[in-house]
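Structure data (compact mmCIF, N, CA and C atoms) from final.txt:
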# COMPACT_ATOMS: atom_id res chain seq x y z
N MET A 1 0.85 -1.18 0.00
CA MET A 1 0.00 0.00 0.00
C MET A 1 0.89 1.24 0.00
N THR A 2 0.44 2.30 -0.62
CA THR A 2 1.25 3.52 -0.68
C THR A 2 0.59 4.66 0.07
N THR A 3 1.40 5.64 0.42
CA THR A 3 0.93 6.84 1.09
C THR A 3 0.40 7.81 0.03
N PRO A 4 -0.23 8.93 0.44
CA PRO A 4 -0.73 9.90 -0.54
C PRO A 4 0.34 10.41 -1.49
N SER A 5 1.61 10.48 -1.03
CA SER A 5 2.67 10.97 -1.91
C SER A 5 3.27 9.87 -2.78
N GLY A 6 2.71 8.66 -2.67
CA GLY A 6 3.15 7.57 -3.54
C GLY A 6 4.20 6.65 -2.96
N HIS A 7 4.56 6.85 -1.70
CA HIS A 7 5.57 6.01 -1.07
C HIS A 7 4.90 4.86 -0.33
N THR A 8 5.65 3.80 -0.11
CA THR A 8 5.09 2.68 0.63
C THR A 8 4.94 3.06 2.10
N GLU A 9 4.04 2.37 2.78
CA GLU A 9 3.82 2.65 4.20
C GLU A 9 4.90 2.04 5.07
N ALA A 10 5.53 0.97 4.62
CA ALA A 10 6.53 0.28 5.43
C ALA A 10 7.93 0.62 4.94
N ILE A 11 8.81 0.87 5.89
CA ILE A 11 10.22 1.12 5.55
C ILE A 11 11.07 0.66 6.73
N GLN A 12 12.22 0.11 6.42
CA GLN A 12 13.13 -0.34 7.46
C GLN A 12 13.79 0.87 8.12
N ALA A 13 13.89 0.84 9.44
CA ALA A 13 14.54 1.93 10.16
C ALA A 13 15.97 2.12 9.68
N SER A 14 16.64 1.04 9.33
CA SER A 14 18.03 1.14 8.89
C SER A 14 18.16 1.93 7.58
N ARG A 15 17.09 2.00 6.81
CA ARG A 15 17.12 2.80 5.58
C ARG A 15 16.85 4.28 5.86
N VAL A 16 16.23 4.57 6.98
CA VAL A 16 15.88 5.95 7.34
C VAL A 16 17.04 6.62 8.07
N ILE A 17 17.66 5.91 8.99
CA ILE A 17 18.75 6.48 9.79
C ILE A 17 19.92 6.81 8.88
N GLY A 18 20.40 8.04 8.99
CA GLY A 18 21.49 8.52 8.16
C GLY A 18 21.04 9.27 6.92
N THR A 19 19.74 9.30 6.69
CA THR A 19 19.19 9.98 5.52
C THR A 19 19.17 11.49 5.76
N GLY A 20 19.47 12.25 4.74
CA GLY A 20 19.48 13.70 4.83
C GLY A 20 18.09 14.28 5.00
N VAL A 21 18.04 15.46 5.61
CA VAL A 21 16.80 16.21 5.80
C VAL A 21 17.00 17.58 5.18
N TYR A 22 16.02 18.01 4.39
CA TYR A 22 16.10 19.26 3.63
C TYR A 22 14.89 20.13 3.89
N SER A 23 15.08 21.43 3.72
CA SER A 23 13.94 22.36 3.76
C SER A 23 13.25 22.29 2.40
N THR A 24 12.07 22.87 2.30
CA THR A 24 11.38 22.90 1.01
C THR A 24 12.15 23.74 0.00
N ALA A 25 13.03 24.63 0.47
CA ALA A 25 13.86 25.43 -0.42
C ALA A 25 15.09 24.66 -0.90
N GLY A 26 15.27 23.43 -0.39
CA GLY A 26 16.39 22.60 -0.82
C GLY A 26 17.63 22.70 0.03
N GLU A 27 17.57 23.49 1.12
CA GLU A 27 18.71 23.60 2.03
C GLU A 27 18.91 22.31 2.79
N SER A 28 20.14 21.87 2.94
CA SER A 28 20.44 20.73 3.79
C SER A 28 20.31 21.18 5.24
N ILE A 29 19.49 20.47 6.00
CA ILE A 29 19.25 20.83 7.39
C ILE A 29 20.02 19.94 8.34
N GLY A 30 20.11 18.67 8.04
CA GLY A 30 20.79 17.72 8.92
C GLY A 30 20.52 16.31 8.44
N THR A 31 20.66 15.36 9.34
CA THR A 31 20.37 13.95 9.02
C THR A 31 19.53 13.33 10.11
N ILE A 32 18.83 12.28 9.74
CA ILE A 32 18.08 11.53 10.74
C ILE A 32 19.06 10.61 11.44
N ASP A 33 19.25 10.86 12.73
CA ASP A 33 20.20 10.09 13.52
C ASP A 33 19.55 8.91 14.22
N ASP A 34 18.25 9.01 14.45
CA ASP A 34 17.55 7.92 15.13
C ASP A 34 16.05 8.14 14.99
N ILE A 35 15.31 7.18 15.46
CA ILE A 35 13.84 7.25 15.46
C ILE A 35 13.39 6.79 16.84
N MET A 36 12.52 7.57 17.47
CA MET A 36 11.99 7.19 18.78
C MET A 36 10.62 6.56 18.56
N LEU A 37 10.43 5.37 19.12
CA LEU A 37 9.19 4.62 18.96
C LEU A 37 8.35 4.69 20.22
N ASP A 38 7.06 4.79 20.04
CA ASP A 38 6.10 4.76 21.15
C ASP A 38 5.56 3.33 21.19
N LYS A 39 6.12 2.53 22.09
CA LYS A 39 5.75 1.12 22.13
C LYS A 39 4.30 0.88 22.52
N THR A 40 3.72 1.78 23.30
CA THR A 40 2.36 1.54 23.76
C THR A 40 1.31 1.83 22.70
N SER A 41 1.62 2.69 21.73
CA SER A 41 0.63 2.99 20.69
C SER A 41 1.06 2.47 19.31
N ASN A 42 2.22 1.82 19.26
CA ASN A 42 2.76 1.31 17.99
C ASN A 42 2.94 2.42 16.98
N SER A 43 3.35 3.60 17.43
CA SER A 43 3.56 4.76 16.56
C SER A 43 5.01 5.22 16.65
N ILE A 44 5.41 6.03 15.68
CA ILE A 44 6.72 6.67 15.74
C ILE A 44 6.51 7.98 16.48
N MET A 45 7.22 8.16 17.59
CA MET A 45 7.09 9.39 18.37
C MET A 45 7.66 10.56 17.59
N PHE A 46 8.90 10.42 17.11
CA PHE A 46 9.55 11.48 16.36
C PHE A 46 10.84 10.97 15.75
N ALA A 47 11.31 11.70 14.76
CA ALA A 47 12.63 11.44 14.18
C ALA A 47 13.62 12.31 14.94
N VAL A 48 14.79 11.78 15.19
CA VAL A 48 15.86 12.55 15.84
C VAL A 48 16.74 13.09 14.72
N VAL A 49 16.68 14.41 14.53
CA VAL A 49 17.44 15.04 13.47
C VAL A 49 18.66 15.73 14.07
N GLY A 50 19.84 15.31 13.61
CA GLY A 50 21.08 15.92 14.04
C GLY A 50 21.32 17.18 13.23
N PHE A 51 21.74 18.23 13.91
CA PHE A 51 21.85 19.54 13.28
C PHE A 51 23.07 20.25 13.82
N GLY A 52 23.91 20.74 12.95
CA GLY A 52 25.08 21.50 13.37
C GLY A 52 26.18 20.60 13.87
N GLY A 53 27.18 21.20 14.39
CA GLY A 53 28.31 20.46 14.92
C GLY A 53 29.21 19.90 13.84
N PHE A 54 30.29 19.28 14.27
CA PHE A 54 31.24 18.68 13.34
C PHE A 54 31.73 17.39 13.96
N LEU A 55 31.57 16.30 13.25
CA LEU A 55 31.95 14.97 13.72
C LEU A 55 31.36 14.66 15.09
N GLY A 56 30.11 15.07 15.29
CA GLY A 56 29.42 14.78 16.54
C GLY A 56 29.70 15.75 17.67
N ILE A 57 30.64 16.68 17.47
CA ILE A 57 30.98 17.64 18.52
C ILE A 57 30.13 18.89 18.32
N GLY A 58 29.40 19.26 19.36
CA GLY A 58 28.55 20.44 19.30
C GLY A 58 27.26 20.23 18.53
N GLU A 59 26.96 18.98 18.17
CA GLU A 59 25.74 18.71 17.42
C GLU A 59 24.53 18.82 18.34
N LYS A 60 23.46 19.39 17.79
CA LYS A 60 22.19 19.48 18.51
C LYS A 60 21.26 18.43 17.93
N TYR A 61 20.40 17.89 18.76
CA TYR A 61 19.43 16.90 18.31
C TYR A 61 18.03 17.46 18.50
N HIS A 62 17.24 17.34 17.47
CA HIS A 62 15.89 17.86 17.48
C HIS A 62 14.89 16.72 17.29
N ALA A 63 13.82 16.77 18.06
CA ALA A 63 12.73 15.83 17.90
C ALA A 63 11.78 16.42 16.87
N VAL A 64 11.68 15.80 15.71
CA VAL A 64 10.82 16.30 14.64
C VAL A 64 9.69 15.31 14.42
N PRO A 65 8.44 15.76 14.50
CA PRO A 65 7.32 14.84 14.30
C PRO A 65 7.46 14.07 12.99
N TRP A 66 7.33 12.77 13.08
CA TRP A 66 7.51 11.90 11.92
C TRP A 66 6.57 12.28 10.77
N SER A 67 5.37 12.70 11.10
CA SER A 67 4.36 12.97 10.07
C SER A 67 4.73 14.13 9.16
N VAL A 68 5.66 15.00 9.55
CA VAL A 68 6.01 16.14 8.70
C VAL A 68 7.14 15.82 7.71
N LEU A 69 7.78 14.67 7.87
CA LEU A 69 8.85 14.29 6.95
C LEU A 69 8.26 13.63 5.71
N ASP A 70 8.64 14.11 4.56
CA ASP A 70 8.17 13.55 3.29
C ASP A 70 9.38 13.22 2.44
N TYR A 71 9.49 11.96 2.03
CA TYR A 71 10.66 11.55 1.27
C TYR A 71 10.60 12.08 -0.15
N ASP A 72 11.71 12.66 -0.59
CA ASP A 72 11.82 13.21 -1.94
C ASP A 72 12.88 12.40 -2.69
N VAL A 73 12.43 11.64 -3.67
CA VAL A 73 13.33 10.76 -4.43
C VAL A 73 14.44 11.55 -5.10
N ASP A 74 14.12 12.70 -5.68
CA ASP A 74 15.12 13.51 -6.37
C ASP A 74 16.23 14.00 -5.44
N ARG A 75 15.88 14.32 -4.22
CA ARG A 75 16.89 14.79 -3.25
C ARG A 75 17.55 13.62 -2.52
N GLY A 76 16.89 12.48 -2.55
CA GLY A 76 17.43 11.33 -1.82
C GLY A 76 17.37 11.54 -0.32
N GLY A 77 16.38 12.31 0.12
CA GLY A 77 16.23 12.57 1.55
C GLY A 77 14.84 13.06 1.88
N TYR A 78 14.65 13.38 3.15
CA TYR A 78 13.36 13.83 3.63
C TYR A 78 13.27 15.35 3.59
N VAL A 79 12.12 15.84 3.21
CA VAL A 79 11.87 17.28 3.17
C VAL A 79 10.90 17.62 4.30
N VAL A 80 11.21 18.69 5.02
CA VAL A 80 10.33 19.17 6.09
C VAL A 80 9.87 20.57 5.72
N PRO A 81 8.67 20.95 6.16
CA PRO A 81 8.15 22.28 5.82
C PRO A 81 8.66 23.38 6.74
N PHE A 82 9.94 23.33 7.08
CA PHE A 82 10.55 24.30 7.98
C PHE A 82 11.83 24.82 7.37
N THR A 83 12.22 25.99 7.77
CA THR A 83 13.50 26.54 7.33
C THR A 83 14.59 26.07 8.29
N ARG A 84 15.80 26.25 7.85
CA ARG A 84 16.95 25.93 8.71
C ARG A 84 16.89 26.77 9.99
N GLU A 85 16.46 28.03 9.85
CA GLU A 85 16.36 28.92 11.02
C GLU A 85 15.29 28.44 12.00
N GLN A 86 14.16 27.94 11.48
CA GLN A 86 13.12 27.42 12.37
C GLN A 86 13.63 26.21 13.15
N LEU A 87 14.35 25.33 12.47
CA LEU A 87 14.90 24.17 13.16
C LEU A 87 15.95 24.59 14.18
N ALA A 88 16.78 25.55 13.83
CA ALA A 88 17.82 26.02 14.75
C ALA A 88 17.21 26.61 16.02
N ALA A 89 16.02 27.22 15.91
CA ALA A 89 15.35 27.83 17.06
C ALA A 89 14.49 26.83 17.84
N ALA A 90 14.32 25.63 17.31
CA ALA A 90 13.49 24.62 17.97
C ALA A 90 14.16 24.09 19.22
N PRO A 91 13.38 23.49 20.11
CA PRO A 91 13.99 22.87 21.29
C PRO A 91 15.05 21.85 20.86
N ALA A 92 16.23 21.91 21.48
CA ALA A 92 17.33 21.01 21.16
C ALA A 92 17.68 20.21 22.40
N TYR A 93 18.19 19.02 22.18
CA TYR A 93 18.43 18.09 23.27
C TYR A 93 19.74 17.36 23.10
N SER A 94 20.20 16.78 24.20
CA SER A 94 21.27 15.78 24.11
C SER A 94 20.57 14.47 23.80
N VAL A 95 21.33 13.48 23.40
CA VAL A 95 20.74 12.17 23.10
C VAL A 95 20.05 11.63 24.35
N GLU A 96 20.65 11.81 25.51
CA GLU A 96 20.07 11.30 26.76
C GLU A 96 18.75 12.01 27.08
N ASP A 97 18.69 13.32 26.83
CA ASP A 97 17.47 14.08 27.11
C ASP A 97 16.30 13.63 26.25
N LEU A 98 16.58 13.16 25.04
CA LEU A 98 15.50 12.74 24.15
C LEU A 98 14.73 11.55 24.70
N SER A 99 15.40 10.69 25.45
CA SER A 99 14.71 9.51 25.97
C SER A 99 14.32 9.64 27.44
N ARG A 100 14.73 10.74 28.07
CA ARG A 100 14.34 10.98 29.46
C ARG A 100 12.82 11.11 29.53
N ASP A 101 12.24 10.67 30.61
CA ASP A 101 10.78 10.76 30.78
C ASP A 101 10.07 10.00 29.66
N ASP A 102 10.68 8.88 29.25
CA ASP A 102 10.15 8.05 28.15
C ASP A 102 9.93 8.86 26.88
N GLY A 103 10.67 9.93 26.69
CA GLY A 103 10.58 10.74 25.48
C GLY A 103 9.37 11.66 25.44
N MET A 104 8.54 11.62 26.48
CA MET A 104 7.29 12.38 26.47
C MET A 104 7.52 13.89 26.45
N SER A 105 8.50 14.38 27.19
CA SER A 105 8.75 15.82 27.23
C SER A 105 9.23 16.34 25.87
N ALA A 106 10.18 15.63 25.28
CA ALA A 106 10.69 16.03 23.96
C ALA A 106 9.58 15.95 22.92
N ARG A 107 8.78 14.89 22.99
CA ARG A 107 7.68 14.72 22.04
C ARG A 107 6.69 15.86 22.15
N ALA A 108 6.25 16.18 23.36
CA ALA A 108 5.27 17.25 23.57
C ALA A 108 5.81 18.59 23.10
N ALA A 109 7.06 18.90 23.44
CA ALA A 109 7.66 20.18 23.03
C ALA A 109 7.78 20.26 21.52
N SER A 110 8.11 19.16 20.89
CA SER A 110 8.27 19.13 19.44
C SER A 110 6.95 19.36 18.72
N TYR A 111 5.93 18.65 19.10
CA TYR A 111 4.64 18.79 18.44
C TYR A 111 4.05 20.19 18.68
N GLU A 112 4.31 20.74 19.86
CA GLU A 112 3.83 22.09 20.13
C GLU A 112 4.60 23.12 19.31
N TYR A 113 5.92 23.01 19.29
CA TYR A 113 6.75 23.98 18.56
C TYR A 113 6.41 23.99 17.07
N TYR A 114 6.30 22.81 16.47
CA TYR A 114 6.04 22.72 15.04
C TYR A 114 4.55 22.81 14.69
N ARG A 115 3.72 22.92 15.72
CA ARG A 115 2.26 23.02 15.53
C ARG A 115 1.69 21.87 14.72
N VAL A 116 2.05 20.67 15.16
CA VAL A 116 1.60 19.44 14.51
C VAL A 116 0.56 18.79 15.43
N GLU A 117 -0.52 18.35 14.81
CA GLU A 117 -1.59 17.67 15.57
C GLU A 117 -1.02 16.39 16.20
N PRO A 118 -1.11 16.26 17.52
CA PRO A 118 -0.57 15.06 18.19
C PRO A 118 -1.31 13.80 17.75
N TYR A 119 -0.56 12.74 17.52
CA TYR A 119 -1.16 11.46 17.13
C TYR A 119 -1.78 10.76 18.32
N TRP A 120 -1.42 11.16 19.53
CA TRP A 120 -1.88 10.48 20.73
C TRP A 120 -3.15 11.10 21.31
N SER A 121 -3.69 12.16 20.69
CA SER A 121 -4.90 12.78 21.25
C SER A 121 -6.13 12.00 20.90
Please re-express this file's structure in structure tokens.
Amino acid sequence: MTTPSGHTEAIQASRVIGTGVYSTAGESIGTIDDIMLDKTSNSIMFAVVGFGGFLGIGEKYHAVPWSVLDYDVDRGGYVVPFTREQLAAAPAYSVEDLSRDDGMSARAASYEYYRVEPYWS
């Protein structure tokens, strides 16, 4: 089965991790470093997008709602409807902070910041 944009509904996490993330203007924003799963609802809580830094030093991690990422075959990566500046101003976390409180704090802040309808409501 395919999604509205023509992509399949199922994808291996190993194919997603390391994939580039771009703005709609084509700017490289970062890469998907991980995916946080909500085991109780069988949903993806958010994608962990690495932004900034060099070789992992000074890198910020952002929780980006999975539903806003759209794969673009031509770019070979995911496109988000945000600018680089919007992502830079978003709540940023360490890897440990993303999973603290079962990821609920990062998830709530992310969905609120990006104004995305929560999947858990």
Can you list, as a list in words, every protein, DNA or RNA residue that comes within 7 Å of Gly77 of chain A when you count only N, CA and C atoms, leaving out same-chain residues fewer than 3 positions away?
Thr19, Gly20, Val21, Tyr22, Asp70, Tyr71, Asp72, Val73 and Asp74 of chain A
Please identify all polymer residues within 8 Å of Tyr61 of chain A, counting all atoms listed in the file, omitting same-chain residues fewer than 5 positions from it, and present them as a list in words.
Ala47, Val48, Val49, Gly50, Phe51, Gly52, Ala90, Pro91, Ala92, Tyr93, Ser94, Val95 and Leu98 of chain A
Using N, CA and C atoms, can you export the residues from the last selection as a PDB file, keeping the file's coordinate frame?
ATOM      1  N   ALA A  47      11.310  11.700  14.760  1.00  0.00           N
ATOM      2  CA  ALA A  47      12.630  11.440  14.180  1.00  0.00           C
ATOM      3  C   ALA A  47      13.620  12.310  14.940  1.00  0.00           C
ATOM      4  N   VAL A  48      14.790  11.780  15.190  1.00  0.00           N
ATOM      5  CA  VAL A  48      15.860  12.550  15.840  1.00  0.00           C
ATOM      6  C   VAL A  48      16.740  13.090  14.720  1.00  0.00           C
ATOM      7  N   VAL A  49      16.680  14.410  14.530  1.00  0.00           N
ATOM      8  CA  VAL A  49      17.440  15.040  13.470  1.00  0.00           C
ATOM      9  C   VAL A  49      18.660  15.730  14.070  1.00  0.00           C
ATOM     10  N   GLY A  50      19.840  15.310  13.610  1.00  0.00           N
ATOM     11  CA  GLY A  50      21.080  15.920  14.040  1.00  0.00           C
ATOM     12  C   GLY A  50      21.320  17.180  13.230  1.00  0.00           C
ATOM     13  N   PHE A  51      21.740  18.230  13.910  1.00  0.00           N
ATOM     14  CA  PHE A  51      21.850  19.540  13.280  1.00  0.00           C
ATOM     15  C   PHE A  51      23.070  20.250  13.820  1.00  0.00           C
ATOM     16  N   GLY A  52      23.910  20.740  12.950  1.00  0.00           N
ATOM     17  CA  GLY A  52      25.080  21.500  13.370  1.00  0.00           C
ATOM     18  C   GLY A  52      26.180  20.600  13.870  1.00  0.00           C
ATOM     19  N   ALA A  90      14.320  25.630  17.310  1.00  0.00           N
ATOM     20  CA  ALA A  90      13.490  24.620  17.970  1.00  0.00           C
ATOM     21  C   ALA A  90      14.160  24.090  19.220  1.00  0.00           C
ATOM     22  N   PRO A  91      13.380  23.490  20.110  1.00  0.00           N
ATOM     23  CA  PRO A  91      13.990  22.870  21.290  1.00  0.00           C
ATOM     24  C   PRO A  91      15.050  21.850  20.860  1.00  0.00           C
ATOM     25  N   ALA A  92      16.230  21.910  21.480  1.00  0.00           N
ATOM     26  CA  ALA A  92      17.330  21.010  21.160  1.00  0.00           C
ATOM     27  C   ALA A  92      17.680  20.210  22.400  1.00  0.00           C
ATOM     28  N   TYR A  93      18.190  19.020  22.180  1.00  0.00           N
ATOM     29  CA  TYR A  93      18.430  18.090  23.270  1.00  0.00           C
ATOM     30  C   TYR A  93      19.740  17.360  23.100  1.00  0.00           C
ATOM     31  N   SER A  94      20.200  16.780  24.200  1.00  0.00           N
ATOM     32  CA  SER A  94      21.270  15.780  24.110  1.00  0.00           C
ATOM     33  C   SER A  94      20.570  14.470  23.800  1.00  0.00           C
ATOM     34  N   VAL A  95      21.330  13.480  23.400  1.00  0.00           N
ATOM     35  CA  VAL A  95      20.740  12.170  23.100  1.00  0.00           C
ATOM     36  C   VAL A  95      20.050  11.630  24.350  1.00  0.00           C
ATOM     37  N   LEU A  98      16.580  13.160  25.040  1.00  0.00           N
ATOM     38  CA  LEU A  98      15.500  12.740  24.150  1.00  0.00           C
ATOM     39  C   LEU A  98      14.730  11.550  24.700  1.00  0.00           C
TER      40      LEU A  98
END
DSSP says strand (DSSP E or B) for which residues of chain A? Put them as a VMD selection string?
chain A and resid 2 8 20 to 23 28 to 38 43 to 51 54 57 60 to 64 70 to 72 77 to 80 93
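The coordinates place atom N of Ser28 of chain A at 26.7 Å from atom CA of Ser99 of chain A.
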Report as a list in words: the residues of chain A with a DSSP assignment of alpha helix (DSSP H), based on the backbone of this structure.
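DSSP on the backbone gives alpha helix (DSSP H) at Ala13, Ser14, Arg15, Val16, Arg84, Glu85, Gln86, Leu87, Ala88, Ala89, Val95, Glu96, Asp97, Leu98, Ser99, Met104, Ser105, Ala106, Arg107, Ala108, Ala109, Ser110, Tyr111, Glu112 and Tyr113 of chain A.
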Could you check the closest approach to Ala88 of chain A for each of A:Arg100, A:Arg107, A:Lys60, A:Arg75 and tell me which residue wins, using only C-alpha atoms?
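For Ala88 of chain A, the nearest of the given residues is A:Lys60.
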For a test of reading the model, state the distance in Å between atom C of Ser43 of chain A and atom N of Phe82 of chain A, rounded to one decimal.
21.1 Å
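Going from atom C of Glu96 of chain A over to atom C of Ser23 of chain A, you cover 27.3 Å.
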Residues proximal to (19.1, 6.7, 14.2) were defined as those with any atom within 10 Å of that point in the file's coordinates, counting only C-alpha atoms. Which are they, as a PyMOL selection string?
chain A and resi 13-19+31-36+47-50
